[in-house]
Amino acid sequence: MTGRIALCFALLGLGACSSDWFFTSGRDHTVCEDSIPTACGTTARCVLDTGHYLDGDFPSARRFIVRTAGESDLKFEIYLDNRRAPGTSLRLEVSEPSCNEKTFFDSSGVDIFQDAGADGIIGIPIHTTKPGDHLVELSSDAYCSYVLRFSVAQTGM
């Protein structure tokens, strides 16, 4: 067991480590409060990269941008904490840079707390085909807090 993990377990009892430290370790928090116009006719609040994470509370909706250099496989991971009520919907929609094509995940009424399992993490894979700024729209009617991170693997080389 590493020193940091042992220290955090010791400090958890004192409230000094957050329950999401394992999920955000090595990434910086993004304050997502900008106003960035998009090709989709709406405004994003920030640009998220793989070295940062977002957090917030559901129920709510959030718009942000992720950038790709070409055809890519994106993986969004959402850590759900302080779970009070799962609601009926978790939706993540990713637009291609032109906004003509969209790919989405919709929980379709499935209990997202159950889907998240014991570790509280839902993984959502999304494939994009074009390079550029992709508008991401995240929404849920669940009652909980969340932390979101993503990773990208470029595919079409």
# chains A, B, ... in the order shown; residues from 1 in each chain; ligands from 1

call {"tool": "residues_around", "arguments": {"residues": "range 22-31 of chain A", "least_positions_apart": "6", "cutoff": "10 Å", "atoms": "only C-alpha atoms", "output": "number ranges by chain"}}
result
A: 5, 8, 45-55, 77-79, 121, 147-149

call {"tool": "select_by_dssp", "arguments": {"residues": "chain A", "states": "helix (DSSP H, G or I)", "output": "VMD selection string"}}
result
chain A and resid 3 to 12 21 to 24 112 to 116

call {"tool": "residues_around", "arguments": {"residues": "range 61-63 of chain A", "least_positions_apart": "3", "cutoff": "12 Å", "atoms": "only C-alpha atoms", "output": "ChimeraX atom specification"}}
result
/A:32-38,40,42-48,54-58,66,89-95,134-142,146,148

call {"tool": "closest_residue", "arguments": {"among": "A:Phe113, A:Trp21, A:Phe150, A:Phe64", "to": "Ala85 in chain A", "atoms": "only C-alpha atoms"}}
result
A:Phe113

call {"tool": "atom_distance", "arguments": {"atom1": "CA of Lys75 in chain A", "atom2": "CA of Ala39 in chain A"}}
result
22.6 Å

call {"tool": "select_by_dssp", "arguments": {"residues": "chain A", "states": "strand (DSSP E)", "output": "number ranges by chain"}}
result
A: 28-29, 36-37, 43-44, 52-68, 72-85, 90-95, 102-106, 121-128, 132-154

call {"tool": "atom_distance", "arguments": {"atom1": "CA of Ser108 in chain A", "atom2": "CA of Cys144 in chain A"}}
result
18.0 Å

call {"tool": "closest_residue", "arguments": {"among": "A:Gly87, A:Gly70, A:Gly41, A:Pro59", "to": "Asp111 in chain A", "atoms": "only C-alpha atoms"}}
result
A:Gly87
